[in-house]
$ cat run_0.cif   # mmCIF, C-alpha atoms and all ligand atoms
data_structure
#
loop_
_atom_site.group_PDB
_atom_site.id
_atom_site.type_symbol
_atom_site.label_atom_id
_atom_site.label_comp_id
_atom_site.auth_asym_id
_atom_site.auth_seq_id
_atom_site.Cartn_x
_atom_site.Cartn_y
_atom_site.Cartn_z
ATOM 1 C CA MET W 1 0.000 0.000 0.000
ATOM 2 C CA ASN W 2 1.127 3.604 -0.378
ATOM 3 C CA SER W 3 -0.293 6.874 0.831
ATOM 4 C CA GLY W 4 1.207 9.382 -1.536
ATOM 5 C CA LYS W 5 3.805 10.663 0.873
ATOM 6 C CA TYR W 6 4.749 7.280 2.370
ATOM 7 C CA LEU W 7 5.465 3.945 0.673
ATOM 8 C CA GLN W 8 4.980 0.773 2.698
ATOM 9 C CA GLY W 9 8.259 -1.166 2.974
ATOM 10 C CA ASP W 10 9.213 -4.597 4.310
ATOM 11 C CA LEU W 11 7.544 -6.378 7.203
ATOM 12 C CA LEU W 12 9.981 -5.959 10.101
ATOM 13 C CA TYR W 13 7.999 -7.604 12.899
ATOM 14 C CA GLU W 14 4.626 -9.191 13.486
ATOM 15 C CA GLY W 15 3.314 -8.764 17.024
ATOM 16 C CA LYS W 16 0.118 -9.924 18.679
ATOM 17 C CA ALA W 17 -1.963 -6.899 17.669
ATOM 18 C CA LYS W 18 0.072 -5.086 15.019
ATOM 19 C CA LYS W 19 2.399 -5.617 12.078
ATOM 20 C CA VAL W 20 5.367 -3.290 11.877
ATOM 21 C CA TYR W 21 6.659 -2.322 8.415
ATOM 22 C CA SER W 22 9.471 -0.053 7.324
ATOM 23 C CA VAL W 23 8.720 3.011 5.207
ATOM 24 C CA LYS W 24 10.559 2.857 1.873
ATOM 25 C CA ASN W 25 13.522 5.235 1.580
ATOM 26 C CA ASP W 26 12.784 6.602 5.032
ATOM 27 C CA LYS W 27 14.662 5.369 8.091
ATOM 28 C CA LYS W 28 13.005 7.780 10.511
ATOM 29 C CA HIS W 29 9.472 6.388 10.298
ATOM 30 C CA LEU W 30 7.615 3.110 10.766
ATOM 31 C CA TRP W 31 4.365 1.907 9.242
ATOM 32 C CA LEU W 32 2.093 0.311 11.883
ATOM 33 C CA HIS W 33 -0.720 -1.953 10.698
ATOM 34 C CA PHE W 34 -3.446 -2.677 13.281
ATOM 35 C CA LYS W 35 -4.666 -6.297 12.996
ATOM 36 C CA ASP W 36 -8.106 -7.670 13.834
ATOM 37 C CA ASP W 37 -6.456 -10.202 16.192
ATOM 38 C CA LEU W 38 -7.117 -10.135 19.896
ATOM 39 C CA THR W 39 -4.962 -12.055 22.379
ATOM 40 C CA ALA W 40 -4.830 -12.380 26.152
ATOM 41 C CA PHE W 41 -2.676 -14.067 28.790
ATOM 42 C CA ASN W 42 0.447 -13.782 26.642
ATOM 43 C CA ALA W 43 -1.371 -15.062 23.562
ATOM 44 C CA GLN W 44 -2.562 -18.275 25.229
ATOM 45 C CA LYS W 45 -6.057 -17.092 24.332
ATOM 46 C CA ARG W 46 -6.689 -15.889 20.771
ATOM 47 C CA GLY W 47 -9.616 -14.322 18.991
ATOM 48 C CA SER W 48 -10.516 -11.543 16.587
ATOM 49 C CA PHE W 49 -13.389 -9.412 15.436
ATOM 50 C CA GLU W 50 -14.079 -7.617 12.201
ATOM 51 C CA LYS W 51 -12.834 -4.008 12.038
ATOM 52 C CA LYS W 52 -10.983 -4.306 15.350
ATOM 53 C CA GLY W 53 -7.789 -3.000 13.730
ATOM 54 C CA ALA W 54 -9.553 -0.030 12.167
ATOM 55 C CA ILE W 55 -11.367 0.819 15.418
ATOM 56 C CA ASN W 56 -8.168 0.636 17.487
ATOM 57 C CA ARG W 57 -6.211 2.676 14.929
ATOM 58 C CA ASP W 58 -8.864 5.407 15.126
ATOM 59 C CA ILE W 59 -9.003 5.323 18.935
ATOM 60 C CA ALA W 60 -5.186 5.403 19.272
ATOM 61 C CA SER W 61 -4.739 8.285 16.837
ATOM 62 C CA MET W 62 -7.499 10.387 18.450
ATOM 63 C CA ILE W 63 -5.866 9.854 21.847
ATOM 64 C CA PHE W 64 -2.366 10.718 20.576
ATOM 65 C CA ARG W 65 -3.733 13.923 19.001
ATOM 66 C CA HIS W 66 -5.504 14.817 22.238
ATOM 67 C CA LEU W 67 -2.333 14.231 24.288
ATOM 68 C CA GLU W 68 -0.305 16.343 21.865
ATOM 69 C CA LYS W 69 -2.490 19.322 22.807
ATOM 70 C CA ALA W 70 -1.414 18.721 26.420
ATOM 71 C CA GLU W 71 2.208 18.782 25.191
ATOM 72 C CA ILE W 72 2.704 15.040 25.618
ATOM 73 C CA ASN W 73 4.914 13.972 22.717
ATOM 74 C CA SER W 74 4.075 10.703 21.021
ATOM 75 C CA HIS W 75 5.374 8.751 18.051
ATOM 76 C CA PHE W 76 2.165 9.448 16.067
ATOM 77 C CA VAL W 77 2.701 11.136 12.696
ATOM 78 C CA GLU W 78 -0.401 10.490 10.592
ATOM 79 C CA ASN W 79 -3.068 7.959 9.692
ATOM 80 C CA VAL W 80 -2.908 6.030 6.427
ATOM 81 C CA GLY W 81 -5.833 4.131 4.930
ATOM 82 C CA GLU W 82 -8.323 2.451 7.232
ATOM 83 C CA ARG W 83 -6.098 0.690 9.758
ATOM 84 C CA ASP W 84 -2.544 1.956 9.382
ATOM 85 C CA MET W 85 -0.491 4.664 11.008
ATOM 86 C CA ILE W 86 2.851 6.305 10.309
ATOM 87 C CA CYS W 87 4.919 6.897 13.416
ATOM 88 C CA ASP W 88 8.415 7.944 14.397
ATOM 89 C CA LYS W 89 10.776 4.986 14.682
ATOM 90 C CA LEU W 90 12.031 4.843 18.251
ATOM 91 C CA GLU W 91 14.514 2.857 20.296
ATOM 92 C CA MET W 92 11.934 1.099 22.437
ATOM 93 C CA ILE W 93 12.286 0.852 26.211
ATOM 94 C CA ALA W 94 11.482 -2.760 27.163
ATOM 95 C CA LEU W 95 9.078 -1.820 29.948
ATOM 96 C CA GLU W 96 5.302 -1.939 30.114
ATOM 97 C CA VAL W 97 4.345 1.014 32.282
ATOM 98 C CA VAL W 98 1.028 0.414 34.053
ATOM 99 C CA VAL W 99 -0.946 3.131 35.844
ATOM 100 C CA ARG W 100 -3.831 2.194 38.151
ATOM 101 C CA ASN W 101 -6.626 4.478 39.389
ATOM 102 C CA PHE W 102 -8.853 1.702 40.728
ATOM 103 C CA VAL W 103 -8.191 -1.812 42.038
ATOM 104 C CA ALA W 104 -8.659 -4.356 39.229
ATOM 105 C CA GLY W 105 -7.018 -7.191 37.336
ATOM 106 C CA SER W 106 -3.663 -8.516 38.566
ATOM 107 C CA PHE W 107 -3.552 -5.922 41.397
ATOM 108 C CA ALA W 108 -6.862 -7.213 42.802
ATOM 109 C CA LYS W 109 -5.635 -10.805 42.478
ATOM 110 C CA LYS W 110 -2.186 -10.163 43.963
ATOM 111 C CA PHE W 111 -3.526 -8.453 47.110
ATOM 112 C CA ASN W 112 -6.843 -10.323 47.326
ATOM 113 C CA LEU W 113 -8.852 -7.102 47.053
ATOM 114 C CA PRO W 114 -12.280 -6.593 45.502
ATOM 115 C CA GLU W 115 -12.222 -4.780 42.161
ATOM 116 C CA GLY W 116 -13.354 -1.158 42.104
ATOM 117 C CA GLY W 117 -11.594 0.424 45.117
ATOM 118 C CA ARG W 118 -10.177 3.854 44.270
ATOM 119 C CA ILE W 119 -6.382 4.384 44.249
ATOM 120 C CA SER W 120 -6.117 8.150 44.520
ATOM 121 C CA GLY W 121 -3.260 9.824 42.658
ATOM 122 C CA GLY W 122 -2.536 6.696 40.656
ATOM 123 C CA ILE W 123 0.058 3.951 41.136
ATOM 124 C CA VAL W 124 2.768 3.297 38.541
ATOM 125 C CA GLU W 125 4.210 -0.194 38.019
ATOM 126 C CA PHE W 126 6.910 -1.453 35.664
ATOM 127 C CA TYR W 127 6.788 -4.829 33.887
ATOM 128 C CA PHE W 128 9.708 -6.191 31.851
ATOM 129 C CA LYS W 129 8.456 -6.534 28.263
ATOM 130 C CA ASN W 130 9.517 -10.074 27.471
ATOM 131 C CA ASP W 131 7.013 -12.589 26.039
ATOM 132 C CA ALA W 132 9.156 -15.640 26.966
ATOM 133 C CA LEU W 133 9.126 -14.532 30.634
ATOM 134 C CA GLN W 134 5.468 -13.448 30.450
ATOM 135 C CA ASP W 135 6.252 -9.787 31.190
ATOM 136 C CA PRO W 136 7.214 -10.070 34.883
ATOM 137 C CA PHE W 137 6.813 -7.199 37.369
ATOM 138 C CA VAL W 138 10.157 -5.440 38.031
ATOM 139 C CA SER W 139 11.332 -3.073 40.755
ATOM 140 C CA ASP W 140 13.249 0.066 39.779
ATOM 141 C CA ASP W 141 16.547 -1.626 40.668
ATOM 142 C CA GLN W 142 15.644 -4.735 38.650
ATOM 143 C CA ALA W 143 14.729 -2.546 35.655
ATOM 144 C CA LEU W 144 18.122 -0.831 35.946
ATOM 145 C CA TYR W 145 19.997 -4.135 36.358
ATOM 146 C CA LEU W 146 18.283 -5.378 33.163
ATOM 147 C CA LYS W 147 19.414 -2.139 31.459
ATOM 148 C CA THR W 148 15.897 -1.457 30.210
ATOM 149 C CA ALA W 149 16.208 2.136 31.395
ATOM 150 C CA ARG W 150 19.435 4.152 31.209
ATOM 151 C CA ASP W 151 19.373 5.359 34.794
ATOM 152 C CA GLN W 152 17.088 6.215 37.707
ATOM 153 C CA ARG W 153 16.417 9.605 36.114
ATOM 154 C CA GLU W 154 14.965 7.918 33.034
ATOM 155 C CA LEU W 155 12.744 5.739 35.259
ATOM 156 C CA GLU W 156 11.520 8.906 37.000
ATOM 157 C CA THR W 157 10.790 10.410 33.560
ATOM 158 C CA LEU W 158 8.717 7.321 32.654
ATOM 159 C CA LYS W 159 6.729 7.648 35.888
ATOM 160 C CA ARG W 160 6.195 11.388 35.434
ATOM 161 C CA LEU W 161 5.073 11.006 31.817
ATOM 162 C CA ALA W 162 2.806 8.032 32.629
ATOM 163 C CA LEU W 163 1.112 10.048 35.393
ATOM 164 C CA HIS W 164 0.736 13.043 33.063
ATOM 165 C CA VAL W 165 -0.894 10.769 30.445
ATOM 166 C CA ASN W 166 -3.100 9.453 33.272
ATOM 167 C CA ARG W 167 -4.313 12.917 34.316
ATOM 168 C CA GLU W 168 -5.169 13.836 30.733
ATOM 169 C CA LEU W 169 -6.895 10.528 29.997
ATOM 170 C CA ILE W 170 -8.968 10.495 33.200
ATOM 171 C CA ASP W 171 -10.658 13.722 32.032
ATOM 172 C CA PHE W 172 -10.777 12.605 28.399
ATOM 173 C CA PHE W 173 -12.720 9.464 29.361
ATOM 174 C CA LEU W 174 -14.832 11.136 32.069
ATOM 175 C CA ALA W 175 -16.254 13.324 29.297
ATOM 176 C CA LEU W 176 -17.448 10.053 27.705
ATOM 177 C CA ARG W 177 -19.004 8.945 31.018
ATOM 178 C CA VAL W 178 -16.247 6.351 31.363
ATOM 179 C CA ASP W 179 -13.899 5.693 34.312
ATOM 180 C CA LEU W 180 -10.272 4.982 33.382
ATOM 181 C CA ILE W 181 -9.562 2.081 35.733
ATOM 182 C CA ASP W 182 -5.990 1.358 34.600
ATOM 183 C CA PHE W 183 -3.850 1.243 31.471
ATOM 184 C CA LYS W 184 -0.499 0.192 30.026
ATOM 185 C CA VAL W 185 1.787 2.391 27.967
ATOM 186 C CA GLU W 186 5.137 1.926 26.257
ATOM 187 C CA PHE W 187 7.824 4.518 25.605
ATOM 188 C CA GLY W 188 10.845 4.840 23.337
ATOM 189 C CA ARG W 189 13.766 7.201 22.799
ATOM 190 C CA ASN W 190 14.013 9.494 19.790
ATOM 191 C CA HIS W 191 17.236 10.653 18.059
ATOM 192 C CA ASP W 192 17.870 13.205 20.781
ATOM 193 C CA GLY W 193 17.477 10.578 23.514
ATOM 194 C CA ASP W 194 14.195 12.122 24.646
ATOM 195 C CA VAL W 195 11.550 9.750 25.995
ATOM 196 C CA VAL W 196 8.450 9.667 23.786
ATOM 197 C CA LEU W 197 5.090 7.903 24.191
ATOM 198 C CA ALA W 198 4.799 5.026 21.686
ATOM 199 C CA ASP W 199 2.818 1.921 20.711
ATOM 200 C CA GLU W 200 -0.956 2.350 21.291
ATOM 201 C CA ILE W 201 -3.578 3.407 23.812
ATOM 202 C CA THR W 202 -6.781 1.495 23.046
ATOM 203 C CA PRO W 203 -9.342 -0.743 24.790
ATOM 204 C CA ASP W 204 -6.696 -3.492 24.370
ATOM 205 C CA SER W 205 -4.400 -1.669 26.769
ATOM 206 C CA CYS W 206 -6.870 0.075 29.121
ATOM 207 C CA ARG W 207 -9.643 -0.904 31.498
ATOM 208 C CA LEU W 208 -12.630 1.315 30.794
ATOM 209 C CA TRP W 209 -15.837 1.065 32.832
ATOM 210 C CA ASP W 210 -19.082 2.859 32.108
ATOM 211 C CA ARG W 211 -19.441 5.500 34.854
ATOM 212 C CA ASN W 212 -23.037 4.610 35.747
ATOM 213 C CA SER W 213 -23.478 0.909 35.016
ATOM 214 C CA HIS W 214 -19.804 -0.087 35.626
ATOM 215 C CA GLU W 215 -20.117 -2.188 32.473
ATOM 216 C CA LYS W 216 -16.687 -3.151 31.102
ATOM 217 C CA LEU W 217 -15.909 -1.530 27.737
ATOM 218 C CA ASP W 218 -12.472 -3.045 27.080
ATOM 219 C CA LYS W 219 -10.470 -6.238 26.492
ATOM 220 C CA ASP W 220 -11.628 -7.739 29.805
ATOM 221 C CA ARG W 221 -14.821 -8.670 27.899
ATOM 222 C CA PHE W 222 -12.609 -10.998 25.839
ATOM 223 C CA ARG W 223 -10.316 -12.114 28.712
ATOM 224 C CA ARG W 224 -13.341 -13.023 30.861
ATOM 225 C CA ASP W 225 -15.628 -14.370 28.100
ATOM 226 C CA LEU W 226 -18.268 -11.711 28.737
ATOM 227 C CA GLY W 227 -19.318 -11.420 25.081
ATOM 228 C CA GLY W 228 -19.984 -8.168 23.237
ATOM 229 C CA VAL W 229 -16.274 -7.439 22.728
ATOM 230 C CA GLY W 230 -16.622 -5.654 19.382
ATOM 231 C CA GLU W 231 -19.693 -3.750 20.580
ATOM 232 C CA ALA W 232 -17.721 -2.405 23.563
ATOM 233 C CA TYR W 233 -14.815 -1.150 21.402
ATOM 234 C CA LYS W 234 -17.321 0.414 18.966
ATOM 235 C CA GLU W 235 -19.122 2.116 21.867
ATOM 236 C CA ILE W 236 -15.866 3.718 23.063
ATOM 237 C CA LEU W 237 -15.071 5.026 19.553
ATOM 238 C CA LYS W 238 -18.669 6.255 19.107
ATOM 239 C CA ARG W 239 -18.564 8.214 22.386
ATOM 240 C CA MET W 240 -15.100 9.586 21.497
ATOM 241 C CA ARG W 241 -16.408 10.854 18.160
ATOM 242 C CA GLU W 242 -19.491 12.388 19.807
ATOM 243 C CA VAL W 243 -17.523 14.191 22.506
ATOM 244 C CA HIS W 244 -14.068 14.788 21.055
ATOM 245 C CA GLY W 245 -15.017 14.588 17.365
ATOM 246 C CA GLY W 246 -13.318 16.828 14.860
ATOM 247 C CA MET W 247 -9.892 16.195 16.420
HETATM 248 P P1 LIG V 301 3.564 -7.188 20.907
HETATM 249 O O1 LIG V 301 4.974 -7.023 20.433
HETATM 250 O O2 LIG V 301 3.499 -6.997 22.421
HETATM 251 O O3 LIG V 301 2.902 -8.438 20.466
HETATM 252 P P2 LIG V 301 2.179 -5.437 18.982
HETATM 253 O O4 LIG V 301 1.507 -6.508 18.203
HETATM 254 O O5 LIG V 301 1.384 -4.227 19.315
HETATM 255 O O6 LIG V 301 2.752 -5.924 20.399
HETATM 256 O O7 LIG V 301 3.456 -5.032 18.149
HETATM 257 C C1 LIG V 301 3.912 -3.740 17.987
HETATM 258 C C2 LIG V 301 5.382 -3.678 18.346
HETATM 259 O O8 LIG V 301 5.933 -2.452 17.903
HETATM 260 C C3 LIG V 301 5.607 -3.744 19.843
HETATM 261 O O9 LIG V 301 6.625 -4.677 20.120
HETATM 262 C C4 LIG V 301 6.031 -2.335 20.237
HETATM 263 O O10 LIG V 301 6.923 -2.323 21.324
HETATM 264 C C5 LIG V 301 6.680 -1.844 18.949
HETATM 265 N N1 LIG V 301 6.592 -0.396 18.754
HETATM 266 C C6 LIG V 301 5.525 0.402 19.018
HETATM 267 N N2 LIG V 301 5.789 1.680 18.692
HETATM 268 C C7 LIG V 301 7.047 1.707 18.175
HETATM 269 C C8 LIG V 301 7.897 2.742 17.672
HETATM 270 N N3 LIG V 301 7.473 3.999 17.601
HETATM 271 N N4 LIG V 301 9.148 2.414 17.267
HETATM 272 C C9 LIG V 301 9.570 1.119 17.330
HETATM 273 N N5 LIG V 301 8.826 0.098 17.785
HETATM 274 C C10 LIG V 301 7.569 0.383 18.216
HETATM 275 P P1 LIG V 302 -3.169 -6.159 34.863
HETATM 276 O O1 LIG V 302 -4.168 -5.789 35.901
HETATM 277 O O2 LIG V 302 -3.462 -7.466 34.187
HETATM 278 O O3 LIG V 302 -1.757 -6.085 35.385
HETATM 279 O O4 LIG V 302 -3.281 -5.057 33.690
HETATM 280 C C1 LIG V 302 -3.140 -3.678 33.959
HETATM 281 C C2 LIG V 302 -3.455 -2.887 32.692
HETATM 282 O O5 LIG V 302 -2.486 -3.131 31.683
HETATM 283 C C3 LIG V 302 -4.800 -3.228 32.056
HETATM 284 O O6 LIG V 302 -5.396 -2.019 31.617
HETATM 285 C C4 LIG V 302 -4.470 -4.082 30.881
HETATM 286 C C5 LIG V 302 -3.091 -3.628 30.487
HETATM 287 N N1 LIG V 302 -2.256 -4.723 30.006
HETATM 288 C C6 LIG V 302 -1.743 -4.663 28.721
HETATM 289 O O7 LIG V 302 -2.017 -3.742 27.961
HETATM 290 N N2 LIG V 302 -0.935 -5.688 28.301
HETATM 291 C C7 LIG V 302 -0.599 -6.719 29.114
HETATM 292 O O8 LIG V 302 0.163 -7.594 28.689
HETATM 293 C C8 LIG V 302 -1.145 -6.764 30.441
HETATM 294 C C9 LIG V 302 -0.833 -7.910 31.370
HETATM 295 C C10 LIG V 302 -1.955 -5.725 30.847
HETATM 296 N N1 LIG V 303 -1.119 -8.320 26.090
HETATM 297 C C1 LIG V 303 -1.130 -9.710 26.479
HETATM 298 C C2 LIG V 303 -1.598 -10.569 25.321
HETATM 299 O O1 LIG V 303 -2.004 -10.018 24.325
HETATM 300 C C3 LIG V 303 -1.884 -9.967 27.752
HETATM 301 C C4 LIG V 303 -3.214 -9.309 27.984
HETATM 302 O O2 LIG V 303 -3.504 -8.253 27.456
HETATM 303 O O3 LIG V 303 -4.007 -9.876 28.736
HETATM 304 O O4 LIG V 303 -1.557 -11.791 25.338
#
$ encode --input "run_0.cif" --output "structure tokens" --more "lines below"
Ligand code: ADP
Ligand code: TMP
Ligand code: ASP
Amino acid sequence: MNSGKYLQGDLLYEGKAKKVYSVKNDKKHLWLHFKDDLTAFNAQKRGSFEKKGAINRDIASMIFRHLEKAEINSHFVENVGERDMICDKLEMIALEVVVRNFVAGSFAKKFNLPEGGRISGGIVEFYFKNDALQDPFVSDDQALYLKTARDQRELETLKRLALHVNRELIDFFLALRVDLIDFKVEFGRNHDGDVVLADEITPDSCRLWDRNSHEKLDKDRFRRDLGGVGEAYKEILKRMREVHGGM
């Protein structure tokens, strides 16, 4: 495929939710293709639904544009076609940075707490991004030993940026009558060594609960066999277009 300005190059990597291509004659950018595949529990559970890639591409790009207005730099450059995105090629930091505003998921399980308790201010956790090890939790010192981050200062930057993203997204989703329960983000370094938000922010990587009914509008519908997975993702995009449309 080509988009006028950008020509799709070779497939560099196929992940669980996206395919990563080079851009021909352009070393600075990558071509991200959002797949319809849906996986959970380190791909032990697999599924898909029609248009999932297109929906997630639209959600991710609207969120990156919104964050840009709050001066949060991301890798997003522009959308191409129905389910593709051009982004800046980064040196990825092998950490999944999770922010939690409410007790849910692995946090609820780990501490035997009921889901839904508020965590005011937000908690940041680091997980080592490594499929073979199933992305284990790491302390700051473990992350530094593994050389995922350059130094403690870079870890502090990741925490600060993740919490800034959190503050912006809490309000972004509240306007849709949705509580942002928790989410995962990834970061990379650009040519100047600056830390930049990367990958995606979508219902794959967030827990999103309807404010009134507490209905889950995210990948937990798939993880927990609740049904209505595609409908939930579509509902999030619909509300985003209604409230934040024209972005
Ligand atoms: P996974 O690798 O976890 O299965 P995906 O299917 O989403 O995940 O694959 C996308 C891959 O692209 C991820 O490994 C992610 O870290 C990487 N990535 C995301 N944004 C960038 C970027 N701007 N530069 C380089 N790599 C990126
Ligand atoms: P957890 O409660 O399972 O640790 O998940 C916390 C958040 O991170 C939740 O919003 C889902 C997201 N997440 C990912 O995006 N990828 C993952 O591999 C995992 C485990 C969680
Ligand atoms: N991201 C992991 C997977 O796709 C785990 C999860 O989201 O539950 O398998």
$ closest_residue --input "run_0.cif" --among "W:Phe183, W:Phe76, W:Tyr21, W:Trp31" --to "Gly105 (chain W)" --atoms "all atoms listed in the file"
W:Phe183
$ residues_around --input "run_0.cif" --residues "Glu200 (chain W)" --least-positions-apart "6" --cutoff "8 Å" --atoms "all atoms listed in the file" --output "PyMOL selection string"
chain W and resi 60+185-186
$ residues_near_ligand --input "run_0.cif" --ligand "ligand LIG 301 (chain V)" --cutoff "10 Å" --atoms "only C-alpha atoms and all ligand atoms" --output "PyMOL selection string"
chain W and resi 12-21+28-35+37-39+42-43+74-77+86-96+129-131+135+185-190+196-200+204-205
$ write_last_selection --input "run_0.cif" --atoms "C-alpha atoms" --output "compact mmCIF listing (two decimals), in the coordinates of the input"
# COMPACT_ATOMS: atom_id res chain seq x y z
CA LEU W 12 9.98 -5.96 10.10
CA TYR W 13 8.00 -7.60 12.90
CA GLU W 14 4.63 -9.19 13.49
CA GLY W 15 3.31 -8.76 17.02
CA LYS W 16 0.12 -9.92 18.68
CA ALA W 17 -1.96 -6.90 17.67
CA LYS W 18 0.07 -5.09 15.02
CA LYS W 19 2.40 -5.62 12.08
CA VAL W 20 5.37 -3.29 11.88
CA TYR W 21 6.66 -2.32 8.41
CA LYS W 28 13.00 7.78 10.51
CA HIS W 29 9.47 6.39 10.30
CA LEU W 30 7.62 3.11 10.77
CA TRP W 31 4.36 1.91 9.24
CA LEU W 32 2.09 0.31 11.88
CA HIS W 33 -0.72 -1.95 10.70
CA PHE W 34 -3.45 -2.68 13.28
CA LYS W 35 -4.67 -6.30 13.00
CA ASP W 37 -6.46 -10.20 16.19
CA LEU W 38 -7.12 -10.14 19.90
CA THR W 39 -4.96 -12.06 22.38
CA ASN W 42 0.45 -13.78 26.64
CA ALA W 43 -1.37 -15.06 23.56
CA SER W 74 4.08 10.70 21.02
CA HIS W 75 5.37 8.75 18.05
CA PHE W 76 2.16 9.45 16.07
CA VAL W 77 2.70 11.14 12.70
CA ILE W 86 2.85 6.30 10.31
CA CYS W 87 4.92 6.90 13.42
CA ASP W 88 8.41 7.94 14.40
CA LYS W 89 10.78 4.99 14.68
CA LEU W 90 12.03 4.84 18.25
CA GLU W 91 14.51 2.86 20.30
CA MET W 92 11.93 1.10 22.44
CA ILE W 93 12.29 0.85 26.21
CA ALA W 94 11.48 -2.76 27.16
CA LEU W 95 9.08 -1.82 29.95
CA GLU W 96 5.30 -1.94 30.11
CA LYS W 129 8.46 -6.53 28.26
CA ASN W 130 9.52 -10.07 27.47
CA ASP W 131 7.01 -12.59 26.04
CA ASP W 135 6.25 -9.79 31.19
CA VAL W 185 1.79 2.39 27.97
CA GLU W 186 5.14 1.93 26.26
CA PHE W 187 7.82 4.52 25.60
CA GLY W 188 10.84 4.84 23.34
CA ARG W 189 13.77 7.20 22.80
CA ASN W 190 14.01 9.49 19.79
CA VAL W 196 8.45 9.67 23.79
CA LEU W 197 5.09 7.90 24.19
CA ALA W 198 4.80 5.03 21.69
CA ASP W 199 2.82 1.92 20.71
CA GLU W 200 -0.96 2.35 21.29
CA ASP W 204 -6.70 -3.49 24.37
CA SER W 205 -4.40 -1.67 26.77
$ residues_around --input "run_0.cif" --residues "region 237-247 of chain W" --least-positions-apart "6" --cutoff "12 Å" --atoms "only C-alpha atoms" --output "PyMOL selection string"
chain W and resi 51-52+54-69+169+171-178+202-203+210+217-218+230-231
$ resolve_selection --input "run_0.cif" --expression "the PyMOL selection byres (((chain W and resi 109-126) around 8) and not hetatm)" --output "PDB file with C-alpha atoms, in the coordinates of the input"
ATOM      1  CA  LEU W  95       9.078  -1.820  29.948  1.00  0.00           C
ATOM      2  CA  GLU W  96       5.302  -1.939  30.114  1.00  0.00           C
ATOM      3  CA  VAL W  97       4.345   1.014  32.282  1.00  0.00           C
ATOM      4  CA  VAL W  98       1.028   0.414  34.053  1.00  0.00           C
ATOM      5  CA  VAL W  99      -0.946   3.131  35.844  1.00  0.00           C
ATOM      6  CA  ARG W 100      -3.831   2.194  38.151  1.00  0.00           C
ATOM      7  CA  ASN W 101      -6.626   4.478  39.389  1.00  0.00           C
ATOM      8  CA  PHE W 102      -8.853   1.702  40.728  1.00  0.00           C
ATOM      9  CA  VAL W 103      -8.191  -1.812  42.038  1.00  0.00           C
ATOM     10  CA  ALA W 104      -8.659  -4.356  39.229  1.00  0.00           C
ATOM     11  CA  GLY W 105      -7.018  -7.191  37.336  1.00  0.00           C
ATOM     12  CA  SER W 106      -3.663  -8.516  38.566  1.00  0.00           C
ATOM     13  CA  PHE W 107      -3.552  -5.922  41.397  1.00  0.00           C
ATOM     14  CA  ALA W 108      -6.862  -7.213  42.802  1.00  0.00           C
ATOM     15  CA  TYR W 127       6.788  -4.829  33.887  1.00  0.00           C
ATOM     16  CA  PHE W 128       9.708  -6.191  31.851  1.00  0.00           C
ATOM     17  CA  PHE W 137       6.813  -7.199  37.369  1.00  0.00           C
ATOM     18  CA  VAL W 138      10.157  -5.440  38.031  1.00  0.00           C
ATOM     19  CA  SER W 139      11.332  -3.073  40.755  1.00  0.00           C
ATOM     20  CA  ASP W 140      13.249   0.066  39.779  1.00  0.00           C
ATOM     21  CA  ALA W 143      14.729  -2.546  35.655  1.00  0.00           C
ATOM     22  CA  LYS W 159       6.729   7.648  35.888  1.00  0.00           C
ATOM     23  CA  ALA W 162       2.806   8.032  32.629  1.00  0.00           C
ATOM     24  CA  LEU W 163       1.112  10.048  35.393  1.00  0.00           C
ATOM     25  CA  ASN W 166      -3.100   9.453  33.272  1.00  0.00           C
TER      26      ASN W 166
END
$ atom_distance --input "run_0.cif" --atom1 "CA of Leu161 (chain W)" --atom2 "CA of Ala149 (chain W)"
14.2 Å
$ axis_aligned_box --input "run_0.cif" --around "ligand LIG 303 (chain V)" --padding-each-side "3 Å" --output "lines of an AutoDock Vina configuration file"
center_x = -2.6
center_y = -10.0
center_z = 26.5
size_x = 8.9
size_y = 9.5
size_z = 10.4
$ atom_distance --input "run_0.cif" --atom1 "CA of Arg207 (chain W)" --atom2 "CA of Glu154 (chain W)"
26.2 Å
$ closest_residue --input "run_0.cif" --among "W:Lys184, W:Arg224, W:His214, W:Lys234" --to "ligand LIG 302 (chain V)" --atoms "all atoms listed in the file"
W:Lys184
$ residues_near_point --input "run_0.cif" --point "(-17.2, 2.3, 28.3)" --cutoff "7 Å" --atoms "only C-alpha atoms" --output "tab-separated table (two decimals) with C-alpha atoms, in the coordinates of the input"
chain	number	residue	atom	x	y	z
W	178	VAL	CA	-16.25	6.35	31.36
W	208	LEU	CA	-12.63	1.32	30.79
W	209	TRP	CA	-15.84	1.06	32.83
W	210	ASP	CA	-19.08	2.86	32.11
W	215	GLU	CA	-20.12	-2.19	32.47
W	216	LYS	CA	-16.69	-3.15	31.10
W	217	LEU	CA	-15.91	-1.53	27.74
W	232	ALA	CA	-17.72	-2.40	23.56
W	235	GLU	CA	-19.12	2.12	21.87
W	236	ILE	CA	-15.87	3.72	23.06
$ atom_distance --input "run_0.cif" --atom1 "CA of Cys206 (chain W)" --atom2 "atom C1 of ligand LIG 302 (chain V)"
7.2 Å
$ closest_residue --input "run_0.cif" --among "W:Ala40, W:Leu226, W:Ala132, W:Leu7" --to "ligand LIG 303 (chain V)" --atoms "all atoms listed in the file"
W:Ala40
$ closest_residue --input "run_0.cif" --among "W:Phe41, W:Arg83, W:Leu144, W:Gln152" --to "Lys219 (chain W)" --atoms "all atoms listed in the file"
W:Phe41
$ residues_around --input "run_0.cif" --residues "Asp225 (chain W)" --least-positions-apart "2" --cutoff "12 Å" --atoms "all atoms listed in the file" --output "ChimeraX atom specification"
/W:40,45-47,216,218-223,227-229
